[in-house]
Amino acid sequence: MSTEQPAADPRRVALHARDVQFDWSGLPVHWIPGEPFATHVLDVLHLLLPEGERWFVRLFSEALPLIRDPRLAEDVRGFIGQEAMHAASHQGVLDHFAARGLDTSPYVDQVEWMFRRALDDRGLTGRRAQEWLVERIALTAAVEHITAYLGQWVLDARALDAAGTHPTMLDLLRWHGAEEVEHRAVAHDLFAHLDGRYLRRVRAMLPAAPILFGLWVRGVRFLLARDPVPGTPRWRDWVRAGRRGLVPGIGGLARALLTYLRPGYHPSQYGSTGAAVTYLATSPAARTADARAAG
């Protein structure tokens, strides 16, 4: 990560998808050297995110015709483009896992079922269809609060640099984290545009946080069971790794969730767009993508 100080926080940036590419041919199994548990905690992102972000794309595309504010519609289109690229980039890591013999389908198939079946449009029509759409957008706003926290965390996680984290993986995580911070207000603003009720917004966090945490724990267990190195780490290593700044700490995440309960909450109050823009200006993958787009 660049040591350059972020500029003054901009009020708004134009969201656009960056056609990033990553070469995983030299990625070791434990890409945080000597830290298999921390590696697995962060590797769950690759298992969990692709289908979730494809679902975001489908959901927000469905919501676009209901948006009456041209600027919000522009933000939603930028959000859709960024989330589609996030899904493709993490899918590239899954493809690399498969090529080295790690079959992630037992876990990934369950995630796909949740998003494609439990959270699909249910064949509803009329008012019931719109209510279910808004309910799912509220759920997305809750999840996006969590991903924005994770995005800011990885931008600030200097311990990952000190630990010798593989640079390509670190760039993927920080590029993605920076874009999560960039677009952290879009789902919230879309929900406010279509409904905006406080109790509905907070209620959506009640299933979102425990389901996401549960999926993450299951993902770590899944990866630990398939770790090729003898001496599988113990769960208390999550606390140890969190204290060292190699993974998000449970305490920090809990405090972030509490901010969501404030009646006056807005995502722009948390995280730094300036830090995100600064990293994207120095990210190897983002700079290469921007150069190709300009060229």
# chains A, B, ... in the order shown; residues from 1 in each chain; ligands from 1
call {"tool": "residues_around", "arguments": {"residues": "His166 in chain A", "least_positions_apart": "2", "cutoff": "8 Å", "atoms": "only C-alpha atoms", "output": "VMD selection string"}}
result
chain A and resid 27 31 to 32 164 168 to 170
call {"tool": "write_last_selection", "arguments": {"atoms": "all heavy atoms", "output": "compact mmCIF listing (two decimals), in the first residue's frame"}}
result
# COMPACT_ATOMS: atom_id res chain seq x y z
N LEU A 27 1.07 -17.66 -6.93
CA LEU A 27 0.47 -17.51 -5.60
C LEU A 27 0.69 -18.75 -4.75
O LEU A 27 0.27 -19.85 -5.12
CB LEU A 27 -1.03 -17.24 -5.73
CG LEU A 27 -1.77 -16.93 -4.42
CD1 LEU A 27 -1.41 -15.53 -3.94
CD2 LEU A 27 -3.29 -17.06 -4.61
N TRP A 31 -0.50 -17.37 1.40
CA TRP A 31 0.06 -16.16 0.78
C TRP A 31 0.37 -15.07 1.82
O TRP A 31 0.93 -14.03 1.46
CB TRP A 31 -0.84 -15.64 -0.33
CG TRP A 31 -2.30 -15.66 -0.05
CD1 TRP A 31 -3.20 -16.63 -0.42
CD2 TRP A 31 -3.06 -14.66 0.64
NE1 TRP A 31 -4.46 -16.30 0.00
CE2 TRP A 31 -4.41 -15.10 0.65
CE3 TRP A 31 -2.73 -13.45 1.25
CZ2 TRP A 31 -5.42 -14.36 1.24
CZ3 TRP A 31 -3.73 -12.71 1.84
CH2 TRP A 31 -5.07 -13.17 1.83
N ILE A 32 -0.01 -15.28 3.09
CA ILE A 32 0.59 -14.52 4.19
C ILE A 32 1.62 -15.47 4.81
O ILE A 32 1.24 -16.46 5.45
CB ILE A 32 -0.45 -14.10 5.25
CG1 ILE A 32 -1.60 -13.33 4.61
CG2 ILE A 32 0.22 -13.24 6.33
CD1 ILE A 32 -2.70 -12.94 5.59
N GLY A 164 4.67 -9.54 4.87
CA GLY A 164 5.14 -10.04 3.58
C GLY A 164 4.05 -10.66 2.73
O GLY A 164 4.31 -11.57 1.92
N THR A 168 0.30 -9.51 -5.22
CA THR A 168 -0.85 -9.55 -6.12
C THR A 168 -2.14 -9.73 -5.34
O THR A 168 -3.15 -9.07 -5.62
CB THR A 168 -0.69 -10.67 -7.16
OG1 THR A 168 0.54 -10.50 -7.86
CG2 THR A 168 -1.84 -10.67 -8.16
N MET A 169 -2.12 -10.62 -4.35
CA MET A 169 -3.31 -10.81 -3.53
C MET A 169 -3.62 -9.55 -2.73
O MET A 169 -4.79 -9.16 -2.59
CB MET A 169 -3.14 -12.00 -2.59
CG MET A 169 -4.37 -12.28 -1.74
SD MET A 169 -5.85 -12.66 -2.71
CE MET A 169 -5.49 -14.36 -3.18
N LEU A 170 -2.59 -8.91 -2.21
CA LEU A 170 -2.82 -7.69 -1.44
C LEU A 170 -3.41 -6.60 -2.33
O LEU A 170 -4.30 -5.85 -1.90
CB LEU A 170 -1.50 -7.22 -0.81
CG LEU A 170 -1.59 -6.12 0.25
CD1 LEU A 170 -2.56 -6.51 1.37
CD2 LEU A 170 -0.22 -5.81 0.81
call {"tool": "residues_around", "arguments": {"residues": "range 139-156 of chain A", "least_positions_apart": "5", "cutoff": "8 Å", "atoms": "only C-alpha atoms", "output": "PyMOL selection string"}}
result
chain A and resi 1+56+173-174+176-181+184+187-188+191+201-202+204-205+208-209+248+253+256-257+260+267+271-272+275-276+279
call {"tool": "closest_residue", "arguments": {"among": "A:Arg18, A:His266, A:Ser25, A:Glu35", "to": "Arg240 in chain A", "atoms": "only C-alpha atoms"}}
result
A:Glu35
call {"tool": "select_by_dssp", "arguments": {"residues": "range 76-247 of chain A", "states": "helix (DSSP H, G or I)", "output": "VMD selection string"}}
result
chain A and resid 76 to 99 105 to 118 126 to 156 158 to 162 167 to 182 186 to 194 198 to 225 236 to 243
call {"tool": "residues_around", "arguments": {"residues": "Glu74 in chain A", "least_positions_apart": "6", "cutoff": "12 Å", "atoms": "only C-alpha atoms", "output": "PyMOL selection string"}}
result
chain A and resi 13-16+60-61+64+67-68+80-81+183+186+190
call {"tool": "closest_residue", "arguments": {"among": "A:Pro207, A:Pro33, A:Gly249, A:Gly196", "to": "Ala162 in chain A", "atoms": "only C-alpha atoms"}}
result
A:Pro33
call {"tool": "closest_residue", "arguments": {"among": "A:Ala159, A:Val229, A:Ala84, A:Leu72", "to": "Val29 in chain A", "atoms": "only C-alpha atoms"}}
result
A:Val229
call {"tool": "closest_residue", "arguments": {"among": "A:Thr273, A:Ser89, A:Thr104, A:Thr39", "to": "Asp171 in chain A", "atoms": "only C-alpha atoms"}}
result
A:Ser89
call {"tool": "closest_residue", "arguments": {"among": "A:Glu131, A:Asp43, A:Asp23, A:Glu51", "to": "Gly219 in chain A", "atoms": "only C-alpha atoms"}}
result
A:Asp43
call {"tool": "decode", "arguments": {"residues": "range 201-213 of chain A", "atoms": "all heavy atoms", "output": "PDB file, in the first residue's frame"}}
result
ATOM      1  N   ARG A 201     -34.696  -0.598   7.828  1.00  0.00           N
ATOM      2  CA  ARG A 201     -33.251  -0.620   7.589  1.00  0.00           C
ATOM      3  C   ARG A 201     -32.530  -1.414   8.670  1.00  0.00           C
ATOM      4  O   ARG A 201     -31.689  -2.272   8.374  1.00  0.00           O
ATOM      5  CB  ARG A 201     -32.714   0.821   7.535  1.00  0.00           C
ATOM      6  CG  ARG A 201     -31.207   0.893   7.451  1.00  0.00           C
ATOM      7  CD  ARG A 201     -30.713   2.305   7.248  1.00  0.00           C
ATOM      8  NE  ARG A 201     -30.912   3.174   8.392  1.00  0.00           N
ATOM      9  CZ  ARG A 201     -30.138   3.185   9.481  1.00  0.00           C
ATOM     10  NH1 ARG A 201     -29.117   2.325   9.573  1.00  0.00           N
ATOM     11  NH2 ARG A 201     -30.356   4.035  10.455  1.00  0.00           N
ATOM     12  N   VAL A 202     -32.868  -1.144   9.928  1.00  0.00           N
ATOM     13  CA  VAL A 202     -32.200  -1.830  11.034  1.00  0.00           C
ATOM     14  C   VAL A 202     -32.583  -3.305  11.076  1.00  0.00           C
ATOM     15  O   VAL A 202     -31.744  -4.174  11.335  1.00  0.00           O
ATOM     16  CB  VAL A 202     -32.545  -1.126  12.363  1.00  0.00           C
ATOM     17  CG1 VAL A 202     -32.044  -1.937  13.547  1.00  0.00           C
ATOM     18  CG2 VAL A 202     -31.917   0.267  12.387  1.00  0.00           C
ATOM     19  N   ARG A 203     -33.838  -3.594  10.794  1.00  0.00           N
ATOM     20  CA  ARG A 203     -34.300  -4.982  10.812  1.00  0.00           C
ATOM     21  C   ARG A 203     -33.519  -5.840   9.826  1.00  0.00           C
ATOM     22  O   ARG A 203     -33.258  -7.018  10.081  1.00  0.00           O
ATOM     23  CB  ARG A 203     -35.784  -5.031  10.481  1.00  0.00           C
ATOM     24  CG  ARG A 203     -36.419  -6.407  10.609  1.00  0.00           C
ATOM     25  CD  ARG A 203     -37.856  -6.372  10.136  1.00  0.00           C
ATOM     26  NE  ARG A 203     -37.938  -6.173   8.695  1.00  0.00           N
ATOM     27  CZ  ARG A 203     -38.997  -5.681   8.070  1.00  0.00           C
ATOM     28  NH1 ARG A 203     -40.057  -5.293   8.766  1.00  0.00           N
ATOM     29  NH2 ARG A 203     -38.996  -5.563   6.759  1.00  0.00           N
ATOM     30  N   ALA A 204     -33.118  -5.255   8.711  1.00  0.00           N
ATOM     31  CA  ALA A 204     -32.381  -6.016   7.698  1.00  0.00           C
ATOM     32  C   ALA A 204     -31.018  -6.463   8.193  1.00  0.00           C
ATOM     33  O   ALA A 204     -30.486  -7.477   7.730  1.00  0.00           O
ATOM     34  CB  ALA A 204     -32.228  -5.179   6.427  1.00  0.00           C
ATOM     35  N   MET A 205     -30.450  -5.715   9.147  1.00  0.00           N
ATOM     36  CA  MET A 205     -29.148  -6.107   9.681  1.00  0.00           C
ATOM     37  C   MET A 205     -29.259  -7.332  10.586  1.00  0.00           C
ATOM     38  O   MET A 205     -28.280  -8.069  10.746  1.00  0.00           O
ATOM     39  CB  MET A 205     -28.516  -4.945  10.447  1.00  0.00           C
ATOM     40  CG  MET A 205     -27.109  -5.214  10.966  1.00  0.00           C
ATOM     41  SD  MET A 205     -25.886  -5.548   9.663  1.00  0.00           S
ATOM     42  CE  MET A 205     -25.446  -3.858   9.192  1.00  0.00           C
ATOM     43  N   LEU A 206     -30.426  -7.578  11.150  1.00  0.00           N
ATOM     44  CA  LEU A 206     -30.585  -8.683  12.099  1.00  0.00           C
ATOM     45  C   LEU A 206     -30.283 -10.037  11.459  1.00  0.00           C
ATOM     46  O   LEU A 206     -29.593 -10.858  12.073  1.00  0.00           O
ATOM     47  CB  LEU A 206     -31.990  -8.662  12.710  1.00  0.00           C
ATOM     48  CG  LEU A 206     -32.318  -7.415  13.540  1.00  0.00           C
ATOM     49  CD1 LEU A 206     -33.732  -7.504  14.097  1.00  0.00           C
ATOM     50  CD2 LEU A 206     -31.310  -7.233  14.673  1.00  0.00           C
ATOM     51  N   PRO A 207     -30.759 -10.324  10.240  1.00  0.00           N
ATOM     52  CA  PRO A 207     -30.304 -11.560   9.597  1.00  0.00           C
ATOM     53  C   PRO A 207     -28.969 -11.409   8.896  1.00  0.00           C
ATOM     54  O   PRO A 207     -28.189 -12.372   8.823  1.00  0.00           O
ATOM     55  CB  PRO A 207     -31.423 -11.871   8.591  1.00  0.00           C
ATOM     56  CG  PRO A 207     -31.997 -10.543   8.245  1.00  0.00           C
ATOM     57  CD  PRO A 207     -31.891  -9.719   9.499  1.00  0.00           C
ATOM     58  N   ALA A 208     -28.664 -10.214   8.362  1.00  0.00           N
ATOM     59  CA  ALA A 208     -27.468 -10.057   7.523  1.00  0.00           C
ATOM     60  C   ALA A 208     -26.189 -10.368   8.292  1.00  0.00           C
ATOM     61  O   ALA A 208     -25.343 -11.136   7.809  1.00  0.00           O
ATOM     62  CB  ALA A 208     -27.415  -8.634   6.960  1.00  0.00           C
ATOM     63  N   ALA A 209     -26.023  -9.782   9.469  1.00  0.00           N
ATOM     64  CA  ALA A 209     -24.767  -9.946  10.213  1.00  0.00           C
ATOM     65  C   ALA A 209     -24.541 -11.386  10.653  1.00  0.00           C
ATOM     66  O   ALA A 209     -23.472 -11.952  10.390  1.00  0.00           O
ATOM     67  CB  ALA A 209     -24.727  -8.985  11.401  1.00  0.00           C
ATOM     68  N   PRO A 210     -25.497 -12.051  11.317  1.00  0.00           N
ATOM     69  CA  PRO A 210     -25.226 -13.438  11.734  1.00  0.00           C
ATOM     70  C   PRO A 210     -25.087 -14.409  10.573  1.00  0.00           C
ATOM     71  O   PRO A 210     -24.288 -15.344  10.647  1.00  0.00           O
ATOM     72  CB  PRO A 210     -26.422 -13.787  12.624  1.00  0.00           C
ATOM     73  CG  PRO A 210     -27.465 -12.782  12.329  1.00  0.00           C
ATOM     74  CD  PRO A 210     -26.765 -11.547  11.884  1.00  0.00           C
ATOM     75  N   ILE A 211     -25.845 -14.204   9.492  1.00  0.00           N
ATOM     76  CA  ILE A 211     -25.712 -15.104   8.336  1.00  0.00           C
ATOM     77  C   ILE A 211     -24.334 -14.944   7.713  1.00  0.00           C
ATOM     78  O   ILE A 211     -23.661 -15.936   7.395  1.00  0.00           O
ATOM     79  CB  ILE A 211     -26.823 -14.838   7.312  1.00  0.00           C
ATOM     80  CG1 ILE A 211     -28.171 -15.338   7.847  1.00  0.00           C
ATOM     81  CG2 ILE A 211     -26.504 -15.519   5.982  1.00  0.00           C
ATOM     82  CD1 ILE A 211     -29.356 -14.970   6.981  1.00  0.00           C
ATOM     83  N   LEU A 212     -23.897 -13.701   7.539  1.00  0.00           N
ATOM     84  CA  LEU A 212     -22.581 -13.482   6.951  1.00  0.00           C
ATOM     85  C   LEU A 212     -21.486 -14.049   7.843  1.00  0.00           C
ATOM     86  O   LEU A 212     -20.542 -14.701   7.357  1.00  0.00           O
ATOM     87  CB  LEU A 212     -22.363 -11.979   6.721  1.00  0.00           C
ATOM     88  CG  LEU A 212     -21.093 -11.585   5.965  1.00  0.00           C
ATOM     89  CD1 LEU A 212     -21.048 -12.240   4.590  1.00  0.00           C
ATOM     90  CD2 LEU A 212     -21.009 -10.064   5.819  1.00  0.00           C
ATOM     91  N   PHE A 213     -21.593 -13.829   9.148  1.00  0.00           N
ATOM     92  CA  PHE A 213     -20.595 -14.368  10.071  1.00  0.00           C
ATOM     93  C   PHE A 213     -20.599 -15.894  10.043  1.00  0.00           C
ATOM     94  O   PHE A 213     -19.547 -16.543  10.034  1.00  0.00           O
ATOM     95  CB  PHE A 213     -20.858 -13.864  11.488  1.00  0.00           C
ATOM     96  CG  PHE A 213     -19.831 -14.336  12.490  1.00  0.00           C
ATOM     97  CD1 PHE A 213     -18.558 -13.796  12.517  1.00  0.00           C
ATOM     98  CD2 PHE A 213     -20.140 -15.339  13.407  1.00  0.00           C
ATOM     99  CE1 PHE A 213     -17.613 -14.232  13.429  1.00  0.00           C
ATOM    100  CE2 PHE A 213     -19.208 -15.784  14.321  1.00  0.00           C
ATOM    101  CZ  PHE A 213     -17.934 -15.227  14.336  1.00  0.00           C
TER     102      PHE A 213
END
